[in-house]
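**Q** Structure file upload14.cif, mmCIF, C-alpha atoms and all ligand atoms, is pasted below:
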data_data
#
loop_
_atom_site.label_atom_id
_atom_site.label_comp_id
_atom_site.auth_asym_id
_atom_site.auth_seq_id
_atom_site.Cartn_x
_atom_site.Cartn_y
_atom_site.Cartn_z
CA VAL U 1 16.14 14.07 -30.69
CA LEU U 2 13.38 16.64 -30.95
CA PRO U 3 12.83 18.91 -28.01
CA PRO U 4 9.76 17.89 -25.99
CA SER U 5 7.82 21.03 -26.97
CA ASP U 6 7.74 19.78 -30.56
CA VAL U 7 6.80 16.26 -29.62
CA HIS U 8 4.07 17.16 -27.12
CA PRO U 9 2.61 20.52 -28.11
CA GLU U 10 -0.17 20.35 -25.53
CA LEU U 11 0.76 18.72 -22.27
CA ASP U 12 -1.78 18.46 -19.46
CA ILE U 13 0.75 19.06 -16.70
CA LEU U 14 4.39 20.03 -16.67
CA VAL U 15 6.14 19.47 -13.35
CA GLN U 16 8.93 21.93 -13.80
CA ASP U 17 12.45 22.29 -12.51
CA GLY U 18 12.49 19.69 -9.74
CA LEU U 19 15.08 17.31 -8.36
CA ILE U 20 13.84 14.17 -10.06
CA VAL U 21 14.31 10.83 -8.28
CA THR U 22 13.02 8.55 -11.01
CA MET U 23 13.40 5.18 -9.20
CA ASP U 24 13.84 3.67 -12.68
CA ASP U 25 15.96 0.55 -13.34
CA ARG U 26 19.14 2.61 -13.26
CA SER U 27 18.08 4.73 -10.26
CA THR U 28 18.47 7.82 -12.43
CA LEU U 29 18.56 11.17 -10.62
CA LEU U 30 18.16 14.51 -12.42
CA ASP U 31 19.39 17.50 -10.43
CA ARG U 32 17.02 19.74 -12.37
CA GLY U 33 14.38 18.24 -14.59
CA HIS U 34 10.85 18.30 -15.93
CA VAL U 35 8.19 15.61 -15.85
CA ALA U 36 5.68 15.97 -18.68
CA ILE U 37 2.20 14.48 -18.27
CA LYS U 38 -0.49 13.89 -20.88
CA ASP U 39 -3.72 11.85 -20.71
CA GLY U 40 -2.70 10.41 -17.35
CA PHE U 41 0.66 9.16 -18.56
CA ILE U 42 4.24 10.31 -18.14
CA VAL U 43 5.40 11.29 -21.63
CA ASP U 44 8.79 12.75 -20.78
CA VAL U 45 11.33 12.96 -17.98
CA VAL U 46 14.08 15.31 -19.13
CA PRO U 47 16.86 17.40 -17.62
CA VAL U 48 16.58 21.18 -17.74
CA GLU U 49 18.96 22.45 -20.40
CA PRO U 50 19.56 26.11 -21.17
CA ASP U 51 18.97 25.76 -24.92
CA ARG U 52 15.99 23.42 -24.65
CA PRO U 53 12.65 25.24 -24.83
CA VAL U 54 10.23 24.59 -21.98
CA PRO U 55 7.22 22.75 -23.41
CA ASP U 56 3.74 24.25 -23.20
CA ALA U 57 1.27 22.76 -20.78
CA ARG U 58 -2.23 23.48 -19.52
CA GLU U 59 -0.94 23.44 -15.95
CA VAL U 60 2.59 24.13 -14.81
CA ILE U 61 3.61 22.99 -11.34
CA ASP U 62 6.74 24.67 -10.06
CA ALA U 63 8.94 21.99 -8.49
CA SER U 64 12.00 24.09 -7.69
CA HIS U 65 13.31 23.22 -4.20
CA HIS U 66 11.29 19.99 -4.38
CA ILE U 67 12.06 16.33 -4.88
CA VAL U 68 9.80 14.80 -7.52
CA MET U 69 9.45 11.04 -7.18
CA PRO U 70 6.97 8.20 -7.76
CA GLY U 71 4.12 8.05 -5.23
CA LEU U 72 4.49 5.52 -2.43
CA ILE U 73 2.82 2.12 -2.57
CA ASN U 74 1.12 0.71 0.52
CA GLY U 75 1.03 -3.03 -0.18
CA HIS U 76 -1.16 -4.13 2.71
CA THR U 77 -3.80 -2.50 4.85
CA HIS U 78 -7.36 -2.63 6.12
CA ALA U 79 -8.23 1.04 5.61
CA ALA U 80 -11.60 1.23 7.36
CA THR U 81 -10.15 -0.15 10.61
CA VAL U 82 -9.07 3.44 11.14
CA LEU U 83 -12.32 3.40 13.17
CA PHE U 84 -10.44 1.27 15.71
CA ARG U 85 -7.18 3.20 15.84
CA GLY U 86 -5.94 3.29 19.43
CA PHE U 87 -8.94 1.24 20.51
CA ALA U 88 -8.13 -1.29 23.25
CA ASP U 89 -4.43 -1.19 22.32
CA ASP U 90 -1.79 -3.38 23.93
CA ARG U 91 -4.08 -6.14 25.18
CA PRO U 92 -3.01 -9.72 24.53
CA LEU U 93 -3.77 -10.55 20.89
CA ALA U 94 -6.49 -13.16 21.57
CA SER U 95 -8.41 -10.88 23.95
CA TRP U 96 -7.87 -7.84 21.72
CA LEU U 97 -9.50 -9.72 18.85
CA GLU U 98 -12.14 -11.78 20.63
CA ASP U 99 -13.26 -9.33 23.35
CA TYR U 100 -12.84 -6.04 21.51
CA ILE U 101 -12.14 -5.88 17.78
CA TRP U 102 -14.52 -8.59 16.53
CA PRO U 103 -17.52 -7.59 18.71
CA ALA U 104 -16.95 -3.92 17.84
CA GLU U 105 -16.73 -4.78 14.13
CA GLY U 106 -19.97 -6.76 14.51
CA THR U 107 -21.66 -3.68 15.99
CA PHE U 108 -20.18 -0.82 13.97
CA VAL U 109 -18.94 -2.08 10.61
CA GLU U 110 -21.62 -1.50 7.98
CA PRO U 111 -21.50 0.13 4.54
CA GLN U 112 -21.89 3.73 5.74
CA SER U 113 -19.21 3.50 8.43
CA VAL U 114 -16.83 1.70 6.03
CA TYR U 115 -17.40 4.46 3.47
CA TRP U 116 -16.53 7.35 5.81
CA ALA U 117 -13.70 5.49 7.54
CA THR U 118 -12.14 4.56 4.19
CA LEU U 119 -12.35 8.16 3.00
CA LEU U 120 -10.62 9.29 6.20
CA ALA U 121 -7.92 6.69 5.63
CA LEU U 122 -7.48 7.88 2.04
CA VAL U 123 -7.16 11.50 3.21
CA GLU U 124 -4.35 10.44 5.53
CA MET U 125 -2.69 8.39 2.81
CA ILE U 126 -2.83 11.12 0.17
CA LYS U 127 -1.52 13.71 2.62
CA GLY U 128 1.43 11.41 3.34
CA GLY U 129 2.36 10.75 -0.29
CA THR U 130 0.74 7.36 -0.87
CA THR U 131 -0.65 6.97 -4.39
CA THR U 132 -1.42 3.22 -4.47
CA VAL U 133 -2.99 1.16 -1.70
CA LEU U 134 -3.92 -2.49 -1.42
CA ASP U 135 -6.97 -2.90 0.79
CA MET U 136 -8.41 -6.08 2.28
CA TYR U 137 -11.64 -5.53 4.20
CA PHE U 138 -15.41 -5.85 4.21
CA HIS U 139 -17.86 -4.04 1.90
CA GLN U 140 -15.37 -3.54 -0.93
CA ASP U 141 -18.12 -2.19 -3.20
CA VAL U 142 -18.31 0.79 -0.85
CA VAL U 143 -14.51 0.97 -0.53
CA ALA U 144 -14.32 1.12 -4.34
CA ARG U 145 -16.73 4.08 -4.35
CA ALA U 146 -14.55 5.93 -1.82
CA VAL U 147 -11.43 5.13 -3.88
CA GLU U 148 -13.04 6.49 -7.06
CA GLU U 149 -14.10 9.69 -5.30
CA ALA U 150 -10.64 10.19 -3.82
CA GLY U 151 -8.91 9.41 -7.12
CA ILE U 152 -6.21 7.23 -5.55
CA ARG U 153 -5.03 3.95 -7.15
CA ALA U 154 -6.07 0.75 -5.36
CA VAL U 155 -5.96 -3.02 -5.38
CA LEU U 156 -9.15 -4.13 -3.63
CA GLY U 157 -10.39 -7.44 -2.29
CA GLU U 158 -13.23 -8.52 0.01
CA VAL U 159 -11.68 -10.36 2.95
CA LEU U 160 -12.81 -14.00 2.81
CA PHE U 161 -13.35 -16.34 5.76
CA ASP U 162 -14.77 -19.88 5.84
CA VAL U 163 -17.63 -19.24 8.20
CA ALA U 164 -19.84 -16.23 8.83
CA GLY U 165 -18.51 -13.92 11.55
CA PRO U 166 -19.74 -10.73 13.20
CA VAL U 167 -19.44 -8.87 9.88
CA ASN U 168 -18.39 -11.25 7.17
CA ALA U 169 -20.63 -13.50 5.13
CA PRO U 170 -19.87 -17.20 4.83
CA PHE U 171 -17.30 -18.09 2.18
CA PRO U 172 -19.58 -18.64 -0.84
CA GLU U 173 -21.19 -15.24 -0.39
CA GLY U 174 -17.81 -13.55 0.10
CA LEU U 175 -16.57 -15.21 -3.06
CA ALA U 176 -19.68 -14.07 -4.94
CA ARG U 177 -19.02 -10.49 -3.81
CA THR U 178 -15.42 -10.86 -4.99
CA GLU U 179 -16.65 -12.06 -8.36
CA GLU U 180 -18.95 -9.03 -8.64
CA LEU U 181 -15.99 -6.78 -7.88
CA LEU U 182 -13.86 -8.58 -10.49
CA HIS U 183 -16.52 -7.96 -13.13
CA ALA U 184 -17.41 -4.41 -12.09
CA TYR U 185 -13.79 -3.19 -12.11
CA ALA U 186 -12.27 -5.24 -14.91
CA ASN U 187 -10.01 -2.85 -16.89
CA HIS U 188 -10.69 0.05 -14.55
CA PRO U 189 -7.99 2.75 -14.84
CA LEU U 190 -7.43 3.00 -11.06
CA ILE U 191 -8.94 -0.04 -9.36
CA SER U 192 -7.51 -3.56 -9.70
CA PRO U 193 -9.89 -6.06 -8.14
CA SER U 194 -8.26 -9.03 -6.39
CA VAL U 195 -9.05 -12.18 -4.41
CA GLN U 196 -8.17 -12.03 -0.72
CA PRO U 197 -8.72 -15.03 1.51
CA HIS U 198 -7.83 -13.90 5.05
CA SER U 199 -5.16 -16.54 5.79
CA ALA U 200 -4.22 -20.20 5.61
CA TYR U 201 -5.49 -20.80 9.16
CA THR U 202 -8.94 -19.16 8.79
CA VAL U 203 -9.74 -20.47 5.31
CA SER U 204 -9.96 -24.19 4.46
CA VAL U 205 -7.93 -25.96 1.78
CA HIS U 206 -11.03 -26.28 -0.38
CA ASN U 207 -11.78 -22.55 -0.17
CA LEU U 208 -8.15 -21.50 -0.68
CA VAL U 209 -8.09 -23.52 -3.88
CA ARG U 210 -11.39 -21.96 -5.01
CA SER U 211 -9.93 -18.50 -4.31
CA LYS U 212 -6.92 -19.23 -6.47
CA ALA U 213 -9.09 -20.60 -9.28
CA LEU U 214 -11.18 -17.42 -9.29
CA ALA U 215 -8.06 -15.23 -9.28
CA ASP U 216 -6.61 -17.19 -12.21
CA GLU U 217 -9.85 -17.04 -14.15
CA HIS U 218 -9.67 -13.22 -14.03
CA GLY U 219 -5.88 -12.79 -14.14
CA ALA U 220 -6.21 -11.14 -10.73
CA LEU U 221 -3.89 -10.95 -7.75
CA LEU U 222 -4.32 -13.47 -4.91
CA GLY U 223 -3.32 -12.05 -1.52
CA LEU U 224 -3.37 -13.47 1.99
CA HIS U 225 -1.76 -13.09 5.41
CA LEU U 226 0.94 -15.73 5.88
CA ALA U 227 3.58 -16.61 8.49
CA GLU U 228 2.80 -13.53 10.56
CA THR U 229 3.23 -15.16 13.98
CA ALA U 230 5.10 -18.16 15.34
CA ASP U 231 1.79 -19.49 16.66
CA GLU U 232 0.30 -19.52 13.15
CA VAL U 233 3.31 -21.45 11.81
CA TRP U 234 2.88 -23.97 14.61
CA GLN U 235 -0.86 -24.36 13.84
CA ILE U 236 -0.24 -25.00 10.14
CA ARG U 237 2.59 -27.45 10.90
CA GLU U 238 0.37 -29.28 13.41
CA LYS U 239 -2.38 -29.69 10.81
CA THR U 240 -0.32 -30.36 7.68
CA SER U 241 3.26 -31.17 8.82
CA LEU U 242 4.33 -28.47 6.37
CA THR U 243 5.66 -24.95 6.68
CA PRO U 244 3.13 -22.29 5.63
CA VAL U 245 4.84 -21.63 2.28
CA ALA U 246 5.30 -25.34 1.49
CA PHE U 247 1.63 -25.83 2.35
CA LEU U 248 0.53 -23.13 -0.13
CA HIS U 249 2.91 -24.53 -2.72
CA GLU U 250 1.41 -28.00 -2.35
CA LEU U 251 -2.00 -26.46 -3.07
CA ASN U 252 -0.57 -24.69 -6.16
CA LEU U 253 -1.46 -21.32 -4.67
CA LEU U 254 1.88 -19.65 -5.34
CA GLY U 255 2.70 -17.86 -8.57
CA GLU U 256 3.63 -14.50 -10.01
CA ARG U 257 0.23 -13.11 -9.09
CA THR U 258 0.38 -14.28 -5.47
CA VAL U 259 1.35 -11.94 -2.67
CA ILE U 260 1.71 -12.83 0.99
CA TYR U 261 1.42 -10.28 3.77
CA HIS U 262 4.02 -10.30 6.56
CA GLY U 263 6.15 -13.42 5.90
CA VAL U 264 7.81 -12.93 9.29
CA HIS U 265 8.61 -16.56 10.04
CA LEU U 266 10.16 -18.12 6.93
CA ASP U 267 12.97 -20.64 6.52
CA GLU U 268 15.45 -20.95 3.63
CA GLU U 269 13.40 -23.58 1.83
CA GLU U 270 10.33 -21.35 1.96
CA MET U 271 12.30 -18.45 0.50
CA ASP U 272 13.48 -20.74 -2.32
CA ILE U 273 9.89 -21.71 -3.06
CA LEU U 274 8.73 -18.09 -3.09
CA ALA U 275 11.56 -17.17 -5.46
CA GLU U 276 10.95 -20.13 -7.79
CA THR U 277 7.22 -19.51 -8.03
CA GLY U 278 7.56 -15.73 -8.40
CA ALA U 279 5.36 -14.97 -5.39
CA SER U 280 5.93 -11.69 -3.53
CA VAL U 281 5.94 -10.55 0.08
CA ILE U 282 4.64 -7.37 1.71
CA HIS U 283 6.77 -6.37 4.69
CA CYS U 284 4.89 -4.58 7.50
CA PRO U 285 7.68 -3.88 10.00
CA GLU U 286 5.88 -1.50 12.38
CA ALA U 287 2.80 -3.70 12.80
CA ASN U 288 5.04 -6.73 13.35
CA LEU U 289 6.98 -4.88 16.04
CA LYS U 290 3.94 -3.37 17.75
CA LEU U 291 2.14 -6.71 18.00
CA GLY U 292 5.33 -8.53 19.02
CA SER U 293 5.16 -10.85 16.01
CA GLY U 294 8.85 -10.72 15.04
CA ILE U 295 10.98 -9.35 12.24
CA ALA U 296 10.74 -10.58 8.65
CA PRO U 297 13.98 -11.82 7.00
CA VAL U 298 13.83 -9.16 4.29
CA PRO U 299 17.50 -9.07 3.16
CA ALA U 300 17.49 -12.86 2.80
CA LEU U 301 14.21 -12.80 0.88
CA ARG U 302 15.55 -10.19 -1.53
CA ARG U 303 18.83 -12.13 -1.92
CA HIS U 304 16.70 -15.11 -2.96
CA GLY U 305 15.16 -12.85 -5.63
CA VAL U 306 11.76 -12.37 -4.01
CA ASP U 307 10.10 -8.97 -4.58
CA VAL U 308 9.31 -7.31 -1.26
CA GLY U 309 6.95 -4.35 -0.98
CA LEU U 310 6.08 -2.33 2.11
CA GLY U 311 2.77 -2.10 3.94
CA THR U 312 1.40 -0.43 7.02
CA ASP U 313 -1.21 -3.09 7.84
CA GLY U 314 -4.36 -1.73 9.49
CA PRO U 315 -4.27 1.30 11.78
CA ALA U 316 -5.58 -0.82 14.65
CA SER U 317 -2.17 -2.49 14.62
CA ASN U 318 0.27 0.22 13.47
CA ASN U 319 -1.37 2.90 14.15
CA ASP U 320 -1.06 5.01 11.01
CA PHE U 321 -0.58 4.92 7.23
CA ASP U 322 2.90 6.43 7.35
CA LEU U 323 5.06 4.68 4.74
CA TRP U 324 8.04 6.95 5.50
CA GLY U 325 8.17 5.29 8.91
CA GLU U 326 8.09 1.86 7.27
CA VAL U 327 10.93 2.85 4.91
CA GLY U 328 13.06 3.90 7.89
CA MET U 329 12.27 0.68 9.74
CA ALA U 330 13.00 -1.41 6.66
CA VAL U 331 16.53 0.05 6.55
CA LYS U 332 17.32 0.01 10.25
CA LEU U 333 15.82 -3.27 11.45
CA PRO U 334 18.06 -5.59 9.39
CA ARG U 335 21.13 -3.55 10.35
CA GLY U 336 20.28 -3.74 14.05
CA MET U 337 19.47 -7.44 13.86
CA SER U 338 22.58 -8.46 11.92
CA ARG U 339 24.93 -5.72 13.21
CA ASP U 340 25.75 -5.29 9.54
CA LEU U 341 25.46 -1.84 7.96
CA GLY U 342 25.54 -3.50 4.54
CA SER U 343 22.47 -5.66 5.15
CA MET U 344 20.10 -3.01 3.74
CA ALA U 345 20.75 0.18 1.79
CA ALA U 346 18.63 3.33 1.97
CA GLN U 347 18.07 3.10 -1.78
CA GLU U 348 16.73 -0.46 -1.44
CA ALA U 349 14.11 0.51 1.14
CA ILE U 350 12.86 3.33 -1.10
CA GLU U 351 12.70 0.82 -3.97
CA MET U 352 10.52 -1.40 -1.80
CA ALA U 353 8.11 1.51 -1.29
CA THR U 354 7.98 2.28 -5.03
CA ARG U 355 9.26 0.16 -7.93
CA GLU U 356 9.56 -3.17 -6.11
CA GLY U 357 6.18 -2.65 -4.44
CA SER U 358 4.62 -2.13 -7.87
CA ARG U 359 6.07 -5.49 -8.99
CA ALA U 360 4.74 -7.20 -5.86
CA LEU U 361 1.22 -5.95 -6.63
CA GLY U 362 1.39 -6.76 -10.35
CA LEU U 363 1.40 -3.08 -11.33
CA ALA U 364 4.97 -2.83 -12.62
CA ASP U 365 3.89 -1.86 -16.12
CA ARG U 366 1.81 1.02 -14.75
CA VAL U 367 3.51 2.65 -11.77
CA GLY U 368 6.52 2.55 -9.44
CA SER U 369 8.95 4.75 -11.36
CA LEU U 370 9.02 8.00 -13.29
CA THR U 371 9.46 6.47 -16.72
CA PRO U 372 7.82 7.61 -19.98
CA GLY U 373 4.90 5.29 -20.70
CA ARG U 374 4.06 4.69 -17.05
CA GLN U 375 1.02 6.29 -15.50
CA ALA U 376 1.59 9.66 -13.88
CA ASP U 377 1.51 8.81 -10.16
CA LEU U 378 3.99 11.14 -8.48
CA ILE U 379 4.62 13.31 -5.46
CA LEU U 380 6.48 16.53 -4.72
CA ILE U 381 8.45 16.84 -1.50
CA ASP U 382 9.20 20.30 -0.15
CA LEU U 383 12.91 20.67 0.60
CA ASP U 384 12.54 24.19 2.00
CA GLN U 385 12.36 22.84 5.57
CA PRO U 386 14.71 23.21 8.55
CA HIS U 387 14.88 19.44 9.08
CA LEU U 388 15.82 18.91 5.41
CA THR U 389 18.57 21.52 5.39
CA PRO U 390 21.28 21.07 4.23
CA MET U 391 20.83 18.37 1.63
CA TYR U 392 23.79 16.53 0.16
CA ASP U 393 22.02 13.33 -0.87
CA PRO U 394 18.29 13.07 -1.67
CA ILE U 395 18.25 9.30 -1.09
CA SER U 396 19.53 9.79 2.45
CA HIS U 397 16.83 12.38 3.14
CA LEU U 398 14.09 10.15 1.72
CA ALA U 399 15.13 7.25 3.94
CA TYR U 400 16.01 9.08 7.12
CA ALA U 401 14.65 12.64 7.26
CA VAL U 402 11.56 13.20 5.08
CA GLY U 403 8.17 12.85 6.78
CA ARG U 404 4.57 12.91 5.70
CA SER U 405 4.05 16.65 6.19
CA ASP U 406 6.83 17.37 3.68
CA VAL U 407 4.67 16.01 0.85
CA ARG U 408 3.23 19.11 -0.87
CA THR U 409 1.59 17.86 -4.03
CA VAL U 410 0.23 14.47 -5.05
CA ILE U 411 -0.73 13.41 -8.57
CA VAL U 412 -2.38 10.12 -9.53
CA ARG U 413 -2.90 9.22 -13.17
CA GLY U 414 -2.35 12.81 -14.13
CA ARG U 415 -4.96 14.16 -11.70
CA VAL U 416 -3.85 16.46 -8.88
CA LEU U 417 -5.23 15.01 -5.62
CA MET U 418 -3.37 17.42 -3.34
CA LYS U 419 -1.84 20.76 -4.29
CA ASP U 420 0.31 22.73 -1.84
CA ARG U 421 -1.14 20.50 0.92
CA GLU U 422 -4.73 21.33 -0.06
CA LEU U 423 -6.80 18.25 -0.86
CA GLN U 424 -8.51 18.60 -4.22
CA THR U 425 -10.92 15.66 -4.21
CA ILE U 426 -12.10 15.07 -0.63
CA ASP U 427 -13.64 17.44 1.91
CA ARG U 428 -11.47 16.63 4.90
CA ASP U 429 -13.70 18.36 7.48
CA GLU U 430 -16.86 16.63 6.32
CA VAL U 431 -15.13 13.23 6.46
CA MET U 432 -13.71 13.85 9.93
CA SER U 433 -17.05 15.01 11.28
CA HIS U 434 -18.77 11.81 10.05
CA VAL U 435 -16.06 9.61 11.52
CA ARG U 436 -16.22 11.47 14.85
CA LYS U 437 -19.96 10.73 15.08
CA ILE U 438 -19.30 7.02 14.55
CA SER U 439 -16.32 6.95 16.91
CA GLY U 440 -18.43 8.68 19.59
CA ARG U 441 -20.76 5.68 19.53
CA ILE U 442 -17.76 3.33 19.62
CA ALA U 443 -16.38 5.15 22.67
CA ASP U 444 -19.74 4.77 24.48
CA TRP U 445 -19.76 1.07 23.63
CA LEU U 446 -16.21 0.74 24.98
CA ASP U 447 -17.19 2.52 28.22
CA GLY U 448 -19.98 0.03 28.71
CA ARG U 449 -17.62 -2.98 28.53
ZN ZN U 501 -3.46 -7.38 7.81
#
As structure tokens - that is how I would like this structure written.
Ligand SMILES: [Zn+2]
**A**
Amino acid sequence: VLPPSDVHPELDILVQDGLIVTMDDRSTLLDRGHVAIKDGFIVDVVPVEPDRPVPDAREVIDASHHIVMPGLINGHTHAATVLFRGFADDRPLASWLEDYIWPAEGTFVEPQSVYWATLLALVEMIKGGTTTVLDMYFHQDVVARAVEEAGIRAVLGEVLFDVAGPVNAPFPEGLARTEELLHAYANHPLISPSVQPHSAYTVSVHNLVRSKALADEHGALLGLHLAETADEVWQIREKTSLTPVAFLHELNLLGERTVIYHGVHLDEEEMDILAETGASVIHCPEANLKLGSGIAPVPALRRHGVDVGLGTDGPASNNDFDLWGEVGMAVKLPRGMSRDLGSMAAQEAIEMATREGSRALGLADRVGSLTPGRQADLILIDLDQPHLTPMYDPISHLAYAVGRSDVRTVIVRGRVLMKDRELQTIDRDEVMSHVRKISGRIADWLDGR
């Protein structure tokens, strides 16, 4: 085997001398290793060896005293709802939606506010180590612009409802916007357009089937909220005499490119169907706890062979984009529920935030692990911290001790988005000042209620 310096004479970036947590199929760890990056791709992940020359690179990033790992994948959110973070919290769900969120969205959600709010959300995500986000919201053309400026990776879909609401267009117009997105971002290096009907209780059978047909036509992901609350399950049963998953299956909506958000209330038969069809689930434990929805049967789902990724859901119901918190919850909730330490391993929860999440979103060939040939989406975590000292086991720290502020450097597709905690693509102060102007108007509106 030739040393890397001979194989790749001119690397773009060499991430040097880090503790490499590859999250590859064998969960390979390198105590001291290099990650070599060229043209946006990982070309080498190799241990440091005394007699192996260090390859040349345009930019060398010193990763000593750092964990180097794949960036985190947020499988479900509504980024621009950061405008409504902490807004009318803890009211009963129906009133929260009908008296506050929907009227406020009707008043304040327009392209400019979605643009600034999405950028703010992306700042928070990048600073916390997220490199891929799936977003379902309005004005996705504007969201796509923010994503391109930030340089993060995203799966985007206009949220589709049957009838026009305070913000959304009626279904045909929403679907037309989706189709525009599918054309505009076909084969884009960072953006994967997708089809995102809101749920099986807000979108009719006819329109769900049309959504799936459009997704299939473009080889795109189909994503929707499903089985989030017991009330929703009851509504679908009332109307169809089927469980939510059986209902989708009957409509031929489930397949390898289908992802459901939440999946809190699922029975064994539904898990069998998800496994057989290859559909995936995004687990949003903190949002489910905060809204009192329940706890998803994640160990059982994974035992059935269903891929489960992690998501934060929107910041109106979480209230942040902190995937480290979701990883911790994903380990501890099943153990507390089952009183069984073995029900979820730390390693498994980190897989859900990386490799397994990439499978759930149909991005497994691109991201999710530090493997040569994958795109270079990776983060550096600073171990020179009191709360990370001592360190015997990096996996334990990643699941139980690392937080967002420990993420020092973030790279997406070979581009440095944050270096030593300094954002490289977005002006944080400008974004915050725009969002504060909008939120000032929202606060006045709230006072007048
Ligand atoms: Zn959601």
**Q** Return as a ChimeraX atom specification the residues of protein, DNA or RNA that approach ligand ZN 501 (chain U) to within 6 Å, with all atoms listed in the file taken into account.
**A** /U:77,313-314
**Q** So which one's closest to Ala345 of chain U, U:Val331, U:Ile260, U:Ile295, U:Ala279? Using only C-alpha atoms, please.
**A**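 Going through U:Val331, U:Ile260, U:Ile295, U:Ala279 one by one, the smallest distance to Ala345 of chain U is for U:Val331.
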**Q** Quick one: distance from atom CA of Pro189 of chain U to atom CA of Val68 of chain U in Å, one decimal?
**A**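 Going from atom CA of Pro189 of chain U over to atom CA of Val68 of chain U, I get 22.7 Å.
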**Q** Could you work out how far atom CA of Ala220 of chain U lies from atom CA of Gly255 of chain U, giving the answer in Å with one decimal?
**A**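 The value is 11.4 Å.
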**Q** Taking all atoms listed in the file into account, name the residue in U:Gly373, U:Gly129, U:Pro394, U:Pro172 that is nearest to Ile20 of chain U.
**A**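 The shortest atom-to-atom distance to Ile20 of chain U comes from U:Pro394.
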